[in-house]
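Enquirer: Okay, handing you the structure first.
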Protein chains: 2
Amino acid sequence: MLKDEVIAYKKERIIDAAGQLFFEKGYALTTLDDIAAALSVRKPFLYQFFAGKLELLSEVCGKTTAYASSIAQSALDGAGSPTVRLSRMVRALALEIIKGRIALAVCFREEKHLPPEGLRRLQDDRRRFIRALRLLLEEGRGKGEFSFPDANATAQAITGMTTWIYIWYRPDGAMQPDELAAETAAMALRLVGAAG
Amino acid sequence: MLKDEVIAYKKERIIDAAGQLFFEKGYALTTLDDIAAALSVRKPFLYQFFAGKLELLSEVCGKTTAYASSIAQSALDGAGSPTVRLSRMVRALALEIIKGRIALAVCFREEKHLPPEGLRRLQDDRRRFIRALRLLLEEGRGKGEFSFPDANATAQAITGMTTWIYIWYRPDGAMQPDELAAETAAMALRLVGAAG
């Protein structure tokens, strides 16, 4: 329904504005007034959607990790060979990390402010992500498509090299998001010893 | 001289204690009194070595990155084939990241507090590190030992998968530091397409 779409859109814009301000000023120094001002709305508008600043931090932090966890699970359950599914997953993850790099930077800096249940949800999503990726790698090794010694270290390496994009990617850099995502997927395949 | 060694040792212990407290309580909430108490010394003792909390944060942040930059440079200038030098470098870097994981976590969280010159030094070290690693990869490709499409993306991927160890390494985990470092070096060789 259109009404739900509008609500979702408003929430998304508020979360993005909050993330941008947390990134520039730090979580502690950002106020709800700053967020309202950045969107040219009044504070009560924000309270229609969020209980306060901490809920906004949870949303900023949770987005990319929840998405990562869901695409890893889809890659595990989906159709196609392990090689195809790993490549597709790393590509999608890289694109999401490029898009969500501000939120990720905020999250790595500020997650210690999260309330216990917010931190637990984040850690659960990370664990689900790594578990699904590890199972996909083991499936590919079992089918003879991949060849690597340690599934956990390899899953962590793929996660690390892909996540690290949030640190160094620049919109004015040499590679476009699509190219970088494709290249990252190709590196993941080399890492697992997949026949190119 | 013994006297210099003792001074270096004391500084090292102060930096480690500061890093541990910044990690546990956050930089903003840690006081010099806390650091003194953790070491069972009085605050004036700390002032013999450091001007204040901010200098301690610079030290905590700078250590691993300065070391990374120096081993990448040694790998570039050193003896042996590019394959041998890359493997040795990634191994040394992984061991340093395992050892310095608390300081790295603090640095990623708190570097926004650094004074401009501290931040600049950190960024210079990071740039030097990536540059030396990229040149080593290009040398290896030029000699036909490595095969990969993009030197910068590959250098960043190796950096990312190795740095990421600070996030997931646990002393009570399945792999010992030496094993994990060797495995990370082996993954870096797979990533650059080196003949194993």
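Every chain in the structure tokens takes a letter, A first, then B, and so on in the order presented; its residues are numbered from 1, and the ligands are numbered from 1 following the presented order.
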Please return, as a list in words, all residues of chain B lying within 6 Å of chain A when only C-alpha atoms are considered.
Expert: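 The complete set of qualifying residues is Arg109, Ala157, Gly160, Met161, Trp164, Arg190 and Leu191 of chain B.
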Enquirer: Just the residues within 8 Å of Gly62 in chain A, please, counting only C-alpha atoms, with nothing from its chain fewer than 4 positions along; format it as a PyMOL selection string.
Expert: chain A and resi 58+66+121-122
Enquirer: How would the residues just picked look written out with N, CA and C atoms as a PDB file, in the first residue's frame?
Expert:
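Writing the result to result.pdb gives the following:
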ATOM      1  N   SER A  58      20.568   2.017  16.614  1.00  0.00           N
ATOM      2  CA  SER A  58      20.313   0.587  16.366  1.00  0.00           C
ATOM      3  C   SER A  58      19.939   0.364  14.907  1.00  0.00           C
ATOM      4  N   ALA A  66      22.054  -6.995   8.921  1.00  0.00           N
ATOM      5  CA  ALA A  66      20.856  -7.810   8.709  1.00  0.00           C
ATOM      6  C   ALA A  66      20.765  -8.228   7.240  1.00  0.00           C
ATOM      7  N   ARG A 121      21.337  -8.428  18.872  1.00  0.00           N
ATOM      8  CA  ARG A 121      20.772  -8.644  17.537  1.00  0.00           C
ATOM      9  C   ARG A 121      21.860  -8.538  16.479  1.00  0.00           C
ATOM     10  N   LEU A 122      22.724  -7.529  16.661  1.00  0.00           N
ATOM     11  CA  LEU A 122      23.824  -7.317  15.720  1.00  0.00           C
ATOM     12  C   LEU A 122      24.760  -8.532  15.712  1.00  0.00           C
TER      13      LEU A 122
END
Enquirer: Using all C-alpha atoms paired in order, least-squares fit chain A onto chain B and give me the moved copy as a PDB file with C-alpha atoms, in the first residue's frame.
Expert:
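Wrote it out as out-v8.pdb, contents follow:
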ATOM      1  CA  MET A   1      71.653   1.045  27.525  1.00  0.00           C
ATOM      2  CA  LEU A   2      69.717  -0.418  30.404  1.00  0.00           C
ATOM      3  CA  LYS A   3      68.302   2.957  31.397  1.00  0.00           C
ATOM      4  CA  ASP A   4      66.794   3.491  27.945  1.00  0.00           C
ATOM      5  CA  GLU A   5      65.433  -0.031  27.972  1.00  0.00           C
ATOM      6  CA  VAL A   6      63.711   0.611  31.282  1.00  0.00           C
ATOM      7  CA  ILE A   7      62.195   3.842  29.992  1.00  0.00           C
ATOM      8  CA  ALA A   8      60.989   2.078  26.837  1.00  0.00           C
ATOM      9  CA  TYR A   9      59.531  -0.719  28.945  1.00  0.00           C
ATOM     10  CA  LYS A  10      57.691   1.700  31.228  1.00  0.00           C
ATOM     11  CA  LYS A  11      56.259   3.590  28.244  1.00  0.00           C
ATOM     12  CA  GLU A  12      55.134   0.344  26.647  1.00  0.00           C
ATOM     13  CA  ARG A  13      53.352  -0.762  29.814  1.00  0.00           C
ATOM     14  CA  ILE A  14      51.618   2.623  30.158  1.00  0.00           C
ATOM     15  CA  ILE A  15      50.464   2.523  26.527  1.00  0.00           C
ATOM     16  CA  ASP A  16      49.153  -1.034  26.936  1.00  0.00           C
ATOM     17  CA  ALA A  17      47.272  -0.154  30.129  1.00  0.00           C
ATOM     18  CA  ALA A  18      45.781   2.936  28.455  1.00  0.00           C
ATOM     19  CA  GLY A  19      44.745   0.855  25.423  1.00  0.00           C
ATOM     20  CA  GLN A  20      43.082  -1.760  27.604  1.00  0.00           C
ATOM     21  CA  LEU A  21      41.087   0.895  29.506  1.00  0.00           C
ATOM     22  CA  PHE A  22      40.134   2.799  26.342  1.00  0.00           C
ATOM     23  CA  PHE A  23      38.882  -0.555  25.018  1.00  0.00           C
ATOM     24  CA  GLU A  24      36.828  -1.403  28.103  1.00  0.00           C
ATOM     25  CA  LYS A  25      35.449   2.021  29.098  1.00  0.00           C
ATOM     26  CA  GLY A  26      35.844   4.043  25.911  1.00  0.00           C
ATOM     27  CA  TYR A  27      38.310   6.912  25.466  1.00  0.00           C
ATOM     28  CA  ALA A  28      35.948   9.633  26.687  1.00  0.00           C
ATOM     29  CA  LEU A  29      35.195   7.928  30.011  1.00  0.00           C
ATOM     30  CA  THR A  30      38.787   6.893  30.830  1.00  0.00           C
ATOM     31  CA  THR A  31      40.788   9.233  33.059  1.00  0.00           C
ATOM     32  CA  LEU A  32      44.523   9.433  33.706  1.00  0.00           C
ATOM     33  CA  ASP A  33      43.664   8.449  37.283  1.00  0.00           C
ATOM     34  CA  ASP A  34      42.177   5.190  35.965  1.00  0.00           C
ATOM     35  CA  ILE A  35      45.355   4.497  33.997  1.00  0.00           C
ATOM     36  CA  ALA A  36      47.564   5.287  36.997  1.00  0.00           C
ATOM     37  CA  ALA A  37      45.401   3.042  39.213  1.00  0.00           C
ATOM     38  CA  ALA A  38      45.593   0.147  36.725  1.00  0.00           C
ATOM     39  CA  LEU A  39      49.399   0.326  36.972  1.00  0.00           C
ATOM     40  CA  SER A  40      49.443   1.027  40.724  1.00  0.00           C
ATOM     41  CA  VAL A  41      51.359   4.261  40.159  1.00  0.00           C
ATOM     42  CA  ARG A  42      50.528   7.915  40.781  1.00  0.00           C
ATOM     43  CA  LYS A  43      49.515  10.341  38.065  1.00  0.00           C
ATOM     44  CA  PRO A  44      52.785  12.373  38.128  1.00  0.00           C
ATOM     45  CA  PHE A  45      54.584   9.170  37.091  1.00  0.00           C
ATOM     46  CA  LEU A  46      52.580   9.161  33.850  1.00  0.00           C
ATOM     47  CA  TYR A  47      53.430  12.798  33.164  1.00  0.00           C
ATOM     48  CA  GLN A  48      57.118  11.918  33.110  1.00  0.00           C
ATOM     49  CA  PHE A  49      56.448  10.079  29.866  1.00  0.00           C
ATOM     50  CA  PHE A  50      53.298  11.506  28.283  1.00  0.00           C
ATOM     51  CA  ALA A  51      51.728  14.959  28.132  1.00  0.00           C
ATOM     52  CA  GLY A  52      48.228  13.567  28.613  1.00  0.00           C
ATOM     53  CA  LYS A  53      45.440  11.258  27.521  1.00  0.00           C
ATOM     54  CA  LEU A  54      45.443  12.412  23.906  1.00  0.00           C
ATOM     55  CA  GLU A  55      49.120  11.576  23.478  1.00  0.00           C
ATOM     56  CA  LEU A  56      48.382   8.121  24.867  1.00  0.00           C
ATOM     57  CA  LEU A  57      45.594   7.646  22.307  1.00  0.00           C
ATOM     58  CA  SER A  58      48.012   8.657  19.528  1.00  0.00           C
ATOM     59  CA  GLU A  59      50.497   6.059  20.788  1.00  0.00           C
ATOM     60  CA  VAL A  60      47.838   3.330  21.072  1.00  0.00           C
ATOM     61  CA  CYS A  61      46.643   4.102  17.541  1.00  0.00           C
ATOM     62  CA  GLY A  62      50.005   4.565  15.895  1.00  0.00           C
ATOM     63  CA  LYS A  63      51.804   1.389  16.956  1.00  0.00           C
ATOM     64  CA  THR A  64      50.305  -1.305  14.749  1.00  0.00           C
ATOM     65  CA  THR A  65      49.946   0.946  11.726  1.00  0.00           C
ATOM     66  CA  ALA A  66      53.536   2.203  11.961  1.00  0.00           C
ATOM     67  CA  TYR A  67      54.716  -1.400  12.267  1.00  0.00           C
ATOM     68  CA  ALA A  68      52.575  -2.467   9.299  1.00  0.00           C
ATOM     69  CA  SER A  69      54.041   0.315   7.212  1.00  0.00           C
ATOM     70  CA  SER A  70      57.602  -0.668   8.155  1.00  0.00           C
ATOM     71  CA  ILE A  71      57.173  -4.383   7.382  1.00  0.00           C
ATOM     72  CA  ALA A  72      55.547  -3.621   4.036  1.00  0.00           C
ATOM     73  CA  GLN A  73      58.498  -1.410   3.167  1.00  0.00           C
ATOM     74  CA  SER A  74      60.961  -4.126   4.271  1.00  0.00           C
ATOM     75  CA  ALA A  75      59.076  -6.658   2.151  1.00  0.00           C
ATOM     76  CA  LEU A  76      59.362  -4.343  -0.833  1.00  0.00           C
ATOM     77  CA  ASP A  77      63.086  -3.714  -0.338  1.00  0.00           C
ATOM     78  CA  GLY A  78      64.075  -7.113   1.052  1.00  0.00           C
ATOM     79  CA  ALA A  79      65.726 -10.208  -0.392  1.00  0.00           C
ATOM     80  CA  GLY A  80      63.891 -13.195  -1.864  1.00  0.00           C
ATOM     81  CA  SER A  81      61.259 -13.685  -4.526  1.00  0.00           C
ATOM     82  CA  PRO A  82      58.042 -11.616  -4.382  1.00  0.00           C
ATOM     83  CA  THR A  83      56.208 -14.802  -3.352  1.00  0.00           C
ATOM     84  CA  VAL A  84      58.525 -15.343  -0.394  1.00  0.00           C
ATOM     85  CA  ARG A  85      58.440 -11.682   0.604  1.00  0.00           C
ATOM     86  CA  LEU A  86      54.635 -11.402   0.379  1.00  0.00           C
ATOM     87  CA  SER A  87      54.183 -14.549   2.425  1.00  0.00           C
ATOM     88  CA  ARG A  88      56.646 -13.350   5.078  1.00  0.00           C
ATOM     89  CA  MET A  89      55.018  -9.931   5.250  1.00  0.00           C
ATOM     90  CA  VAL A  90      51.433 -11.175   5.607  1.00  0.00           C
ATOM     91  CA  ARG A  91      52.558 -13.625   8.260  1.00  0.00           C
ATOM     92  CA  ALA A  92      54.297 -10.915  10.282  1.00  0.00           C
ATOM     93  CA  LEU A  93      51.358  -8.557   9.855  1.00  0.00           C
ATOM     94  CA  ALA A  94      48.852 -11.194  10.998  1.00  0.00           C
ATOM     95  CA  LEU A  95      50.911 -11.906  14.117  1.00  0.00           C
ATOM     96  CA  GLU A  96      51.142  -8.188  14.896  1.00  0.00           C
ATOM     97  CA  ILE A  97      47.386  -7.775  14.409  1.00  0.00           C
ATOM     98  CA  ILE A  98      46.684 -10.680  16.757  1.00  0.00           C
ATOM     99  CA  LYS A  99      49.003  -9.139  19.342  1.00  0.00           C
ATOM    100  CA  GLY A 100      47.700  -5.581  18.868  1.00  0.00           C
ATOM    101  CA  ARG A 101      43.995  -6.404  18.432  1.00  0.00           C
ATOM    102  CA  ILE A 102      42.901  -4.377  21.484  1.00  0.00           C
ATOM    103  CA  ALA A 103      44.803  -1.296  20.313  1.00  0.00           C
ATOM    104  CA  LEU A 104      43.409  -1.696  16.789  1.00  0.00           C
ATOM    105  CA  ALA A 105      39.847  -1.931  18.064  1.00  0.00           C
ATOM    106  CA  VAL A 106      40.415   1.240  20.102  1.00  0.00           C
ATOM    107  CA  CYS A 107      41.925   2.996  17.121  1.00  0.00           C
ATOM    108  CA  PHE A 108      39.072   2.203  14.731  1.00  0.00           C
ATOM    109  CA  ARG A 109      36.569   3.433  17.318  1.00  0.00           C
ATOM    110  CA  GLU A 110      38.338   6.505  18.628  1.00  0.00           C
ATOM    111  CA  GLU A 111      40.560   7.884  15.886  1.00  0.00           C
ATOM    112  CA  LYS A 112      38.179  10.811  15.402  1.00  0.00           C
ATOM    113  CA  HIS A 113      39.464  12.152  18.758  1.00  0.00           C
ATOM    114  CA  LEU A 114      43.049  12.349  17.473  1.00  0.00           C
ATOM    115  CA  PRO A 115      44.575  15.797  16.962  1.00  0.00           C
ATOM    116  CA  PRO A 116      45.075  16.680  13.279  1.00  0.00           C
ATOM    117  CA  GLU A 117      48.801  15.805  13.268  1.00  0.00           C
ATOM    118  CA  GLY A 118      48.131  12.427  14.928  1.00  0.00           C
ATOM    119  CA  LEU A 119      45.461  11.604  12.366  1.00  0.00           C
ATOM    120  CA  ARG A 120      47.740  12.735   9.550  1.00  0.00           C
ATOM    121  CA  ARG A 121      50.588  10.480  10.763  1.00  0.00           C
ATOM    122  CA  LEU A 122      48.190   7.547  10.929  1.00  0.00           C
ATOM    123  CA  GLN A 123      46.872   8.191   7.422  1.00  0.00           C
ATOM    124  CA  ASP A 124      50.422   8.620   6.093  1.00  0.00           C
ATOM    125  CA  ASP A 125      51.412   5.244   7.573  1.00  0.00           C
ATOM    126  CA  ARG A 126      48.333   3.597   6.040  1.00  0.00           C
ATOM    127  CA  ARG A 127      49.097   5.136   2.650  1.00  0.00           C
ATOM    128  CA  ARG A 128      52.754   4.037   2.851  1.00  0.00           C
ATOM    129  CA  PHE A 129      51.652   0.534   3.781  1.00  0.00           C
ATOM    130  CA  ILE A 130      49.233   0.167   0.862  1.00  0.00           C
ATOM    131  CA  ARG A 131      51.688   1.737  -1.580  1.00  0.00           C
ATOM    132  CA  ALA A 132      54.508  -0.653  -0.615  1.00  0.00           C
ATOM    133  CA  LEU A 133      52.183  -3.659  -0.781  1.00  0.00           C
ATOM    134  CA  ARG A 134      50.854  -2.570  -4.171  1.00  0.00           C
ATOM    135  CA  LEU A 135      54.388  -2.159  -5.541  1.00  0.00           C
ATOM    136  CA  LEU A 136      55.325  -5.626  -4.250  1.00  0.00           C
ATOM    137  CA  LEU A 137      52.266  -7.104  -5.989  1.00  0.00           C
ATOM    138  CA  GLU A 138      53.126  -5.317  -9.219  1.00  0.00           C
ATOM    139  CA  GLU A 139      56.730  -6.522  -9.003  1.00  0.00           C
ATOM    140  CA  GLY A 140      55.491 -10.113  -8.560  1.00  0.00           C
ATOM    141  CA  ARG A 141      53.128  -9.741 -11.510  1.00  0.00           C
ATOM    142  CA  GLY A 142      55.909  -8.221 -13.617  1.00  0.00           C
ATOM    143  CA  LYS A 143      58.100 -11.236 -12.858  1.00  0.00           C
ATOM    144  CA  GLY A 144      55.288 -13.626 -13.760  1.00  0.00           C
ATOM    145  CA  GLU A 145      54.895 -14.983 -10.210  1.00  0.00           C
ATOM    146  CA  PHE A 146      51.515 -13.368  -9.543  1.00  0.00           C
ATOM    147  CA  SER A 147      48.433 -13.027 -11.679  1.00  0.00           C
ATOM    148  CA  PHE A 148      45.553 -10.698 -10.736  1.00  0.00           C
ATOM    149  CA  PRO A 149      43.636  -7.920 -12.516  1.00  0.00           C
ATOM    150  CA  ASP A 150      43.784  -4.862 -10.225  1.00  0.00           C
ATOM    151  CA  ALA A 151      46.788  -4.177  -7.980  1.00  0.00           C
ATOM    152  CA  ASN A 152      45.072  -1.670  -5.712  1.00  0.00           C
ATOM    153  CA  ALA A 153      41.922  -3.739  -5.132  1.00  0.00           C
ATOM    154  CA  THR A 154      44.087  -6.799  -4.478  1.00  0.00           C
ATOM    155  CA  ALA A 155      46.349  -4.936  -2.023  1.00  0.00           C
ATOM    156  CA  GLN A 156      43.250  -3.644  -0.223  1.00  0.00           C
ATOM    157  CA  ALA A 157      41.744  -7.145  -0.107  1.00  0.00           C
ATOM    158  CA  ILE A 158      44.909  -8.580   1.486  1.00  0.00           C
ATOM    159  CA  THR A 159      44.915  -5.709   3.968  1.00  0.00           C
ATOM    160  CA  GLY A 160      41.235  -6.196   4.736  1.00  0.00           C
ATOM    161  CA  MET A 161      41.299  -9.945   5.245  1.00  0.00           C
ATOM    162  CA  THR A 162      44.381  -9.649   7.474  1.00  0.00           C
ATOM    163  CA  THR A 163      43.197  -6.648   9.490  1.00  0.00           C
ATOM    164  CA  TRP A 164      39.797  -8.301  10.018  1.00  0.00           C
ATOM    165  CA  ILE A 165      41.535 -10.829  12.287  1.00  0.00           C
ATOM    166  CA  TYR A 166      41.332  -8.219  15.072  1.00  0.00           C
ATOM    167  CA  ILE A 167      37.530  -8.603  14.927  1.00  0.00           C
ATOM    168  CA  TRP A 168      37.197 -12.360  15.130  1.00  0.00           C
ATOM    169  CA  TYR A 169      40.374 -13.811  16.631  1.00  0.00           C
ATOM    170  CA  ARG A 170      39.838 -15.321  20.087  1.00  0.00           C
ATOM    171  CA  PRO A 171      42.721 -16.665  22.218  1.00  0.00           C
ATOM    172  CA  ASP A 172      40.534 -19.668  23.074  1.00  0.00           C
ATOM    173  CA  GLY A 173      39.587 -20.279  19.415  1.00  0.00           C
ATOM    174  CA  ALA A 174      40.518 -23.243  17.247  1.00  0.00           C
ATOM    175  CA  MET A 175      43.688 -21.733  15.735  1.00  0.00           C
ATOM    176  CA  GLN A 176      46.910 -20.700  17.436  1.00  0.00           C
ATOM    177  CA  PRO A 177      48.459 -17.376  16.310  1.00  0.00           C
ATOM    178  CA  ASP A 178      51.202 -19.118  14.307  1.00  0.00           C
ATOM    179  CA  GLU A 179      48.752 -21.337  12.452  1.00  0.00           C
ATOM    180  CA  LEU A 180      46.382 -18.480  11.706  1.00  0.00           C
ATOM    181  CA  ALA A 181      49.260 -16.292  10.459  1.00  0.00           C
ATOM    182  CA  ALA A 182      50.515 -19.099   8.193  1.00  0.00           C
ATOM    183  CA  GLU A 183      47.004 -19.729   6.875  1.00  0.00           C
ATOM    184  CA  THR A 184      46.487 -16.007   6.195  1.00  0.00           C
ATOM    185  CA  ALA A 185      49.765 -15.882   4.262  1.00  0.00           C
ATOM    186  CA  ALA A 186      48.643 -18.915   2.228  1.00  0.00           C
ATOM    187  CA  MET A 187      45.333 -17.180   1.452  1.00  0.00           C
ATOM    188  CA  ALA A 188      47.177 -14.049   0.308  1.00  0.00           C
ATOM    189  CA  LEU A 189      49.213 -16.191  -2.105  1.00  0.00           C
ATOM    190  CA  ARG A 190      46.016 -17.764  -3.489  1.00  0.00           C
ATOM    191  CA  LEU A 191      44.530 -14.295  -3.847  1.00  0.00           C
ATOM    192  CA  VAL A 192      47.427 -13.055  -5.997  1.00  0.00           C
ATOM    193  CA  GLY A 193      47.403 -16.269  -8.038  1.00  0.00           C
ATOM    194  CA  ALA A 194      50.871 -17.331  -6.881  1.00  0.00           C
ATOM    195  CA  ALA A 195      51.875 -20.874  -7.749  1.00  0.00           C
ATOM    196  CA  GLY A 196      51.485 -22.618  -4.361  1.00  0.00           C
TER     197      GLY A 196
END
